[in-house]
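What follows is one structure encoded as structure tokens, with my remarks underneath.
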Amino acid sequence: MPRPVPPPGGVLVRTTHSVISIGTEKMKVEQAQMNLLQKARARPDQVRKVIDTARNLGWKAALEKVRNRLETPSPLGYSAAGVVMEVDPLNTRFRLGDRVACAGAECAFHAEFLALPDLLLAPVPAGVENWQAAYTTLCAIALQAVRQTEPQLGDRVLVMGQGLVGLLATTFLRAAGARVMAVDLMPSRRPFCHAMGAEKVVILGEQSLGDEVRAWTDGYGVDAAVICTATQSNAPIEQAAEAVRDRARFVIVGNTRAELAWRIFYEKELEVRYSRSYGPGRYDPSYEWGGADYPIGYVRWTEQRNFQACLELMAKGQINLAAITTRRAPFKDALSVYQDLMQEGAKDVGVVLEYENAERETRNAELSRPTALRCNPEAGSQNPGLSGPVRRLDVIGAGNFARTMLLPHLKGRLQFGVVVNQTALSAHHVKTKFSFERAATDAAEILGAPNSASARAGPETGAPSAVLIATRHHLHGPLVKQALAANRHVFVEKPLCLSRQELEEIDEIYAKGQGTLMVGFNRRFAPASRELKRILASTPGPKTASFRVMCGLLDPQHWYANYAESGGRVLGEACHFLDYFCFLLDARPVRVLAQTTWPATGRLPFPDSVTAQIEFSDGSCGQLVYSAEGDAGFPKELLSVYGAGMVAEITNFQELVVHRGRKKRSFSYSSKGHAEEMAAWADFLRGQTEHPLAYEKSRVSMLLTFAVLESIQKTNAVELSL
């Protein structure tokens with residue numbers, strides 16, 4: 001088929017998974033295989049339309065119309081998931097690469113590409129796999145049925161029919177606090193019913209529904225019945241009517257015959273409702289295709305909001321989809337799958353079609369993106385961590401920064417071993433000042449072969465050891481790799497490395513090793529930061545943070561001006577503030593747009609003054625202005641944070657001002673976090689606390705920094721994705 005195009009305001013999705021709605025689709029296939037007379041008997045409503053056409057246009061025209069209609073292929077499927085590949089300019093919700101759940105019998109077919117309107121899509125949250133998200137439409141049908149049932153806590157509800165929708169209705173009723181009796185004809189459904197939360201399971205033909213209901217409800221009858229069968233028999237309606245109590249509620253979901261016996265429905269004064277598919281908005285073209293959403297104050301749960309609710313329940317692990325997924329088959333085998341499902345006695349419940357080519361191409365597209373985050377920023381350490389307290393610390397690079405900002409806060413907390421510095425005189429000076437055991441000028445003294453005397457764990461046999469790296473930037477990556485390969489616990493000043501390739505190599509060594517890794521993002525540990533983070537924890541919703549850094553002109557003679565050694569100011573310094581956004585907003589960066597604000601030419605042919613805007617996964621935004629231009633009398637670092645009902649400002653991490661409730665509170669501090677950072681790392685090494693800054697979080701900050709550089713180089717936005 002030709003590839004479809006996004007409808008106005010919609011998107012084009014490359015499908016990764018779709019779910020077969022066995023009951024509905026078997027019915028469509030069976031009807032397609034009927035002869036004309038059988039079709040007429042099955043669809044008397046369509047016969048009436050033909051008669052009307054014949055009355056107006058004649059039987060010849062009516063017959064031609066019927067033939068044309070029967071010759072037209074009818075696609076199957078209405079519940080799928082995939083990745084957005086194209087976005088119509090009128091759409092503002094979705095972007096390329098977004099994972100989405102897709103709905104609609106008019107558009108969410110079993111097909112490699114789907115063109116869908118905006119309100120028949122829902123973004124897939126983190127933690128939900130695409131095969132799970134493909135169930136969203138079916139889940140929404142069941143959820144809408146439960147909303148129509150309006151269960152109260154402790155209600156006893158009968159669910160007739162334990163196909164896919166019936167099982168999902170069972171689990172939603174259970175989640176709503178109801179007690180569920182599941183009823184089906186097939187004994188094979190019993191374990192699925194229990195897995196989805198049914199308290200009682202009745203298999204008709206093996207058990208008496210009337211007796212089971214009487215015993216289960218103390219003779220009163222159930223409070224409600226949800227009819228999820230698909231049959232031309234009226235038996236399910238009659239059986240459920242006998243089972244419910246006076247003034248109970250009937251909710252009809254499936255395409256089932258419903259002749260309401262006057263006597264019993266009148267005497268019990270039963271309320272009958274039909275549940276219309278996914279929810280309010282279904283079959284309304286102005287909603288589904290015109291994008292005219294219903295105000296939430298008038299319609300709380302539209303079909304699109306039902307999709308979102310189902311996905312959120314999936315993210316929380318409250319829908320056990322694995323328990324009802326009986327088959328996952330490649331899309332290329334779909335015909336044989338349908339043949340199996342049409343067999344008498346077929347026992348499949350949930351069947352997921354997997355689009356292998358689409359998945360592979362999606363992965364390739366993600367790999368080819370400028371930046372790809374390969375870890376969850378909230379994930380914990382991948383390696384075992386400490387095997388015992390660390391009592392020995394070696395240091396590589398003991399320049400003025402290390403001597404002033406790092407080592408004084410570690411002295412007395414850990415035993416100092418070997419200090420390595422480029423010149424013998426400075427190494428000896430640091431050894432004497434901080435009471436190191438030995439001084440050296442070659443890092444191989446402590447990072448040589450793991451079995452060498454200098455690289456052994458320490459004076460105590462088998463005791464783990466740590467190394468602090470505070471050299472010039474171009475040595476960070478190589479030294480970190482050597483230290484991790486030797487299973488050392490590493491602290492490295494920022495930046496971690498100068499290229500993505502180095503980062504990937506560190507990833508590989510880190511994952512295989514026994515050591516830990518911490519990057520020197522000290523501003524996270526500043527007292528002002530901790531207080532601001534505490535305040536933001538009680539502030540709901542996305543935030544906007546603006547960090548303005550007046551770094552001053554770079555002396556062309558400074559080693560930072562040697563790009564090969566420093567990696568430039570964005571990598572060497574601005575990474576601090578990019579990491580700070582990740583820390584403060586506590587969300588995953590997804591997109592960045594950056595530019596230089598001073599020509600990168602002449603004596604400094606690389607970015608010196610930059611601005612960057614970062615979008616985060618929760619809707620928060622970070623704006624960085626890093627400028628070498630300005631007046632030296634202006635504060636070097638200014639942070640402003642805007643949230644719901646509050647504004648906070650930090651000046652040089654010495655003052656925090658919070659505006660909230662028309663009141664202003666001020667806090668004073670004297671630390672940028674170096675002392676607290678070193679204390680936290682030392683406490684970890686001594687086995688007193690957890691790791692203070694997991695490698696995965698620092699890694700995300702470095703990838704964000706690389707993305708900023710790439711955005712500058714390519715003059716466009718760069719997306720980041722897991």
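Ligands are numbered from 1 in the order shown, residues from 1 within each chain, and chains are lettered A, B, ... in the order they appear in the structure tokens.
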Write down as a PyMOL selection string the residues of range 429-593 of chain A whose backbone DSSP state falls under strand (DSSP E or B).
chain A and resi 438-440+465-469+489-493+517-520+544-550+589-593
Name the residues in contact with range 155-169 of chain A at a cut-off of 9 Å, using only C-alpha atoms, excluding same-chain residues fewer than 6 positions from it; report them as JSON, numbers by chain.
{"A": [21, 22, 23, 138, 139, 141, 142, 143, 144, 145, 146, 149, 177, 178, 179, 180, 181, 182, 183, 184, 185, 186, 189, 190, 192, 193, 196, 197, 198, 213, 216, 217, 221, 222, 223, 224, 225, 226, 227, 228, 229, 230, 236, 237, 240, 243, 244, 253, 254, 319, 321, 324, 349, 350]}
Which is closer to Ser546 in chain A than all the others in A:Phe109, A:Tyr580, A:Tyr695, A:Phe401, using only C-alpha atoms?
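The shortest atom-to-atom distance to Ser546 in chain A comes from A:Tyr580.
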Could you find all residues in range 536-590 of chain A that DSSP calls helix (DSSP H, G or I) from the backbone, and write them as number ranges by chain?
A: 536-537, 559-561, 563-566, 568-585
Would you mind exporting N, CA, C and O atoms of the selected residues as a compact mmCIF listing (two decimals), in the first residue's frame?
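result_4.txt was written with the following content:
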# COMPACT_ATOMS: atom_id res chain seq x y z
N LEU A 536 11.25 23.10 46.10
CA LEU A 536 10.64 22.70 44.83
C LEU A 536 9.90 21.38 44.95
O LEU A 536 8.96 21.11 44.19
N ALA A 537 10.29 20.54 45.91
CA ALA A 537 9.61 19.26 46.10
C ALA A 537 8.15 19.46 46.49
O ALA A 537 7.30 18.60 46.22
N TRP A 559 45.36 27.89 30.03
CA TRP A 559 45.30 26.55 29.43
C TRP A 559 43.91 26.21 28.93
O TRP A 559 43.76 25.36 28.05
N TYR A 560 42.86 26.87 29.44
CA TYR A 560 41.52 26.67 28.93
C TYR A 560 41.42 27.05 27.45
O TYR A 560 40.56 26.56 26.73
N ALA A 561 42.29 27.99 27.01
CA ALA A 561 42.27 28.42 25.62
C ALA A 561 42.91 27.38 24.70
O ALA A 561 42.82 27.52 23.48
N TYR A 563 42.25 24.25 23.24
CA TYR A 563 41.05 23.43 23.08
C TYR A 563 41.36 21.94 23.23
O TYR A 563 40.54 21.17 23.76
N ALA A 564 42.54 21.52 22.80
CA ALA A 564 42.90 20.10 22.89
C ALA A 564 43.00 19.65 24.34
O ALA A 564 42.75 18.48 24.64
N GLU A 565 43.37 20.55 25.24
CA GLU A 565 43.50 20.20 26.65
C GLU A 565 42.20 20.39 27.43
O GLU A 565 41.87 19.60 28.30
N SER A 566 41.45 21.44 27.10
CA SER A 566 40.29 21.79 27.92
C SER A 566 38.97 21.31 27.34
O SER A 566 38.00 21.10 28.07
N GLY A 568 37.29 23.26 25.64
CA GLY A 568 36.54 24.51 25.54
C GLY A 568 35.68 24.77 26.76
O GLY A 568 35.53 23.92 27.65
N ARG A 569 35.11 25.94 26.82
CA ARG A 569 34.38 26.35 28.02
C ARG A 569 33.02 25.68 28.16
O ARG A 569 32.52 25.52 29.28
N VAL A 570 32.40 25.31 27.05
CA VAL A 570 31.11 24.63 27.17
C VAL A 570 31.30 23.29 27.86
O VAL A 570 30.60 22.96 28.83
N LEU A 571 32.26 22.50 27.39
CA LEU A 571 32.53 21.21 28.02
C LEU A 571 33.15 21.37 29.40
O LEU A 571 32.82 20.65 30.33
N GLY A 572 34.06 22.34 29.52
CA GLY A 572 34.81 22.44 30.76
C GLY A 572 34.09 23.14 31.88
O GLY A 572 34.33 22.85 33.06
N GLU A 573 33.19 24.09 31.55
CA GLU A 573 32.54 24.88 32.59
C GLU A 573 31.02 24.86 32.50
O GLU A 573 30.34 24.67 33.51
N ALA A 574 30.49 25.08 31.30
CA ALA A 574 29.02 25.16 31.18
C ALA A 574 28.36 23.84 31.57
O ALA A 574 27.18 23.82 31.94
N CYS A 575 29.10 22.73 31.50
CA CYS A 575 28.53 21.44 31.90
C CYS A 575 28.03 21.48 33.34
O CYS A 575 27.08 20.78 33.70
N HIS A 576 28.68 22.31 34.19
CA HIS A 576 28.23 22.48 35.57
C HIS A 576 26.77 22.87 35.63
O HIS A 576 25.97 22.30 36.39
N PHE A 577 26.40 23.84 34.81
CA PHE A 577 25.07 24.43 34.90
C PHE A 577 24.03 23.57 34.18
O PHE A 577 22.86 23.54 34.57
N LEU A 578 24.48 22.88 33.14
CA LEU A 578 23.59 21.92 32.48
C LEU A 578 23.26 20.77 33.43
O LEU A 578 22.12 20.32 33.50
N ASP A 579 24.27 20.30 34.15
CA ASP A 579 24.02 19.27 35.16
C ASP A 579 23.08 19.80 36.25
O ASP A 579 22.22 19.06 36.75
N TYR A 580 23.25 21.06 36.59
CA TYR A 580 22.43 21.63 37.66
C TYR A 580 20.95 21.63 37.29
O TYR A 580 20.09 21.38 38.14
N PHE A 581 20.64 21.89 36.02
CA PHE A 581 19.25 21.82 35.58
C PHE A 581 18.70 20.41 35.79
O PHE A 581 17.57 20.22 36.26
N CYS A 582 19.50 19.40 35.42
CA CYS A 582 19.05 18.00 35.59
C CYS A 582 18.80 17.70 37.06
O CYS A 582 17.82 17.02 37.42
N PHE A 583 19.67 18.20 37.92
CA PHE A 583 19.51 17.99 39.36
C PHE A 583 18.27 18.70 39.89
O PHE A 583 17.45 18.13 40.59
N LEU A 584 18.14 19.96 39.53
CA LEU A 584 17.10 20.80 40.11
C LEU A 584 15.71 20.40 39.63
O LEU A 584 14.77 20.29 40.42
N LEU A 585 15.58 20.15 38.33
CA LEU A 585 14.27 19.86 37.75
C LEU A 585 13.91 18.39 37.86
O LEU A 585 12.74 18.01 37.70
Tell me, as a list in words, which residues lie within 12 Å of Trp289 in chain A, counting only C-alpha atoms; anything in the same chain fewer than 5 positions away does not count.
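Those residues are Pro6, Pro7, Pro8, Gly9, Gly10, Val11, Gly104, Glu106, Cys107, Ala115, Leu116, Pro117, Asp118, Leu119, Leu120, Leu121, Gly281, Arg282, Tyr283 and Asp284 of chain A.
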Those residues with C-alpha atoms, as a JSON list (two decimals), in the first residue's frame please?
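Ended up saving to selection13.json:
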[["chain", "number", "residue", "atom", "x", "y", "z"],
["A", 6, "PRO", "CA", -0.90, 12.69, 8.46],
["A", 7, "PRO", "CA", -4.44, 14.09, 8.53],
["A", 8, "PRO", "CA", -4.80, 17.81, 9.38],
["A", 9, "GLY", "CA", -3.54, 18.24, 12.92],
["A", 10, "GLY", "CA", -2.46, 14.59, 13.07],
["A", 11, "VAL", "CA", 0.65, 12.45, 12.75],
["A", 104, "GLY", "CA", -9.61, 3.91, 16.19],
["A", 106, "GLU", "CA", -10.98, 3.94, 11.18],
["A", 107, "CYS", "CA", -7.21, 4.36, 11.41],
["A", 115, "ALA", "CA", -2.11, 8.11, 9.89],
["A", 116, "LEU", "CA", -4.07, 9.29, 12.92],
["A", 117, "PRO", "CA", -5.75, 12.46, 14.23],
["A", 118, "ASP", "CA", -4.46, 14.04, 17.42],
["A", 119, "LEU", "CA", -7.15, 12.93, 19.87],
["A", 120, "LEU", "CA", -6.86, 9.26, 18.90],
["A", 121, "LEU", "CA", -3.28, 9.26, 20.18],
["A", 281, "GLY", "CA", -15.98, 11.60, 21.90],
["A", 282, "ARG", "CA", -16.29, 8.26, 20.15],
["A", 283, "TYR", "CA", -18.10, 8.56, 16.80],
["A", 284, "ASP", "CA", -18.09, 12.37, 17.04]]
Do you know which residues are at most 8 Å from range 388-396 of chain A counting only C-alpha atoms, after dropping those on the same chain fewer than 2 positions away, and could you put them as a ChimeraX atom specification?
/A:386,398,414-421,443,446,457-458,463-471,685-687
Env of Ile650 in chain A: 7 Å cut, atoms = only C-alpha atoms, seq-sep filter 3 positions within chain, self excluded. Answer as a list of chain:residue names.
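Residues meeting the cut-off are A:Leu638, A:Leu639, A:Ser640, A:Phe653, A:Glu655, A:Leu656, A:Val657.
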Only all heavy atoms, please: the residues just picked out, written as a tab-separated table (two decimals), in the first residue's frame.
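After the write, selection-v4.tsv holds the following:
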chain	number	residue	atom	x	y	z
A	638	LEU	N	23.82	33.72	38.68
A	638	LEU	CA	22.47	34.06	39.12
A	638	LEU	C	21.51	32.99	38.63
A	638	LEU	O	21.47	32.69	37.43
A	638	LEU	CB	22.03	35.42	38.57
A	638	LEU	CG	22.53	36.67	39.28
A	638	LEU	CD1	22.11	37.91	38.50
A	638	LEU	CD2	21.99	36.74	40.69
A	639	LEU	N	20.75	32.43	39.52
A	639	LEU	CA	19.76	31.42	39.17
A	639	LEU	C	18.38	31.91	39.57
A	639	LEU	O	18.17	32.34	40.71
A	639	LEU	CB	20.05	30.10	39.88
A	639	LEU	CG	18.97	29.01	39.74
A	639	LEU	CD1	18.95	28.46	38.32
A	639	LEU	CD2	19.19	27.90	40.75
A	640	SER	N	17.42	31.84	38.63
A	640	SER	CA	16.03	32.16	38.93
A	640	SER	C	15.18	30.95	38.57
A	640	SER	O	15.36	30.35	37.51
A	640	SER	CB	15.55	33.38	38.11
A	640	SER	OG	16.33	34.51	38.40
A	653	PHE	N	25.41	31.32	44.99
A	653	PHE	CA	25.23	30.27	46.00
A	653	PHE	C	25.52	30.77	47.42
A	653	PHE	O	25.75	29.98	48.33
A	653	PHE	CB	26.09	29.05	45.67
A	653	PHE	CG	25.58	28.32	44.45
A	653	PHE	CD1	26.05	28.65	43.18
A	653	PHE	CD2	24.62	27.35	44.57
A	653	PHE	CE1	25.56	28.01	42.06
A	653	PHE	CE2	24.11	26.69	43.45
A	653	PHE	CZ	24.58	27.03	42.19
A	655	GLU	N	23.38	33.45	48.58
A	655	GLU	CA	22.09	33.94	49.05
A	655	GLU	C	20.97	33.26	48.29
A	655	GLU	O	21.03	33.13	47.06
A	655	GLU	CB	21.98	35.45	48.87
A	655	GLU	CG	20.66	36.03	49.40
A	655	GLU	CD	20.53	37.52	49.15
A	655	GLU	OE1	21.17	38.02	48.20
A	655	GLU	OE2	19.78	38.17	49.89
A	656	LEU	N	19.97	32.82	49.00
A	656	LEU	CA	18.76	32.26	48.42
A	656	LEU	C	17.58	33.11	48.87
A	656	LEU	O	17.39	33.32	50.07
A	656	LEU	CB	18.56	30.80	48.86
A	656	LEU	CG	17.18	30.17	48.55
A	656	LEU	CD1	16.93	30.10	47.05
A	656	LEU	CD2	17.07	28.79	49.19
A	657	VAL	N	16.81	33.61	47.90
A	657	VAL	CA	15.62	34.40	48.19
A	657	VAL	C	14.42	33.67	47.61
A	657	VAL	O	14.42	33.30	46.43
A	657	VAL	CB	15.73	35.83	47.60
A	657	VAL	CG1	14.46	36.61	47.89
A	657	VAL	CG2	16.94	36.55	48.17
Which of these residues is nearest to Pro125 in chain A, using only C-alpha atoms: A:Phe113, A:Thr24, A:Ser74, A:Gln308?
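Among the listed residues, the smallest separation from Pro125 in chain A belongs to A:Gln308.
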Nearest to Ala248 in chain A among A:Tyr220, A:Tyr135, A:Phe172, A:Phe307, with distances taken over only C-alpha atoms: which residue is it?
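Selected residue with least distance to Ala248 in chain A: A:Tyr220.
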If we count only C-alpha atoms and set the cut-off at 10 Å, which residues sit around range 658-675 of chain A, ignoring sequence neighbours fewer than 2 positions away in its own chain? Please answer as a ChimeraX atom specification.
/A:404-410,520-532,535,640-656,677-680
Using only C-alpha atoms for the distances, tell me which of A:Arg699, A:His428, A:Gly541, A:Asp586 is nearest to Met518 in chain A.
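Closest residue, counting only C-alpha atoms: A:Arg699.
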Long-range neighbours of Pro187 in chain A as a PyMOL selection string, 9 Å cut-off, only C-alpha atoms, 6 positions minimum in chain
chain A and resi 202-204+206
Output N, CA, C and O atoms of each residue in that selection to a file, as a tab-separated table (two decimals), in the first residue's frame.
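Produced file out_4.tsv, reproduced below:
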chain	number	residue	atom	x	y	z
A	202	VAL	N	-16.92	-18.50	37.63
A	202	VAL	CA	-17.97	-19.47	37.34
A	202	VAL	C	-17.87	-19.87	35.87
A	202	VAL	O	-17.90	-19.00	34.98
A	203	ILE	N	-17.74	-21.16	35.63
A	203	ILE	CA	-17.72	-21.68	34.26
A	203	ILE	C	-19.09	-22.30	33.99
A	203	ILE	O	-19.47	-23.32	34.60
A	204	LEU	N	-19.85	-21.67	33.11
A	204	LEU	CA	-21.19	-22.16	32.80
A	204	LEU	C	-21.09	-23.55	32.16
A	204	LEU	O	-20.24	-23.80	31.31
A	206	GLU	N	-20.37	-26.10	33.95
A	206	GLU	CA	-19.75	-26.84	35.05
A	206	GLU	C	-20.34	-26.44	36.39
A	206	GLU	O	-20.34	-27.22	37.34
Using only C-alpha atoms, which of A:Arg500, A:Arg300, A:Arg245, A:Lys65 sits nearest Val700 in chain A?
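Of A:Arg500, A:Arg300, A:Arg245, A:Lys65, the one nearest Val700 in chain A is A:Arg500, counting only C-alpha atoms.
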CA of Thr544 in chain A to CA of Met85 in chain A, distance in Å rounded to a single decimal:
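Between these atoms lies a distance of 28.8 Å.
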Work out how far CA of Arg69 in chain A is from CA of Ile51 in chain A, in Å to one decimal.
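Spanning CA of Ile51 in chain A to CA of Arg69 in chain A is a straight-line distance of 14.9 Å.
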For CA of Ala486 in chain A and CA of Arg403 in chain A, determine how far apart the two atoms are, in Å to one decimal place.
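Pair CA of Ala486 in chain A / CA of Arg403 in chain A returns 25.2 Å.
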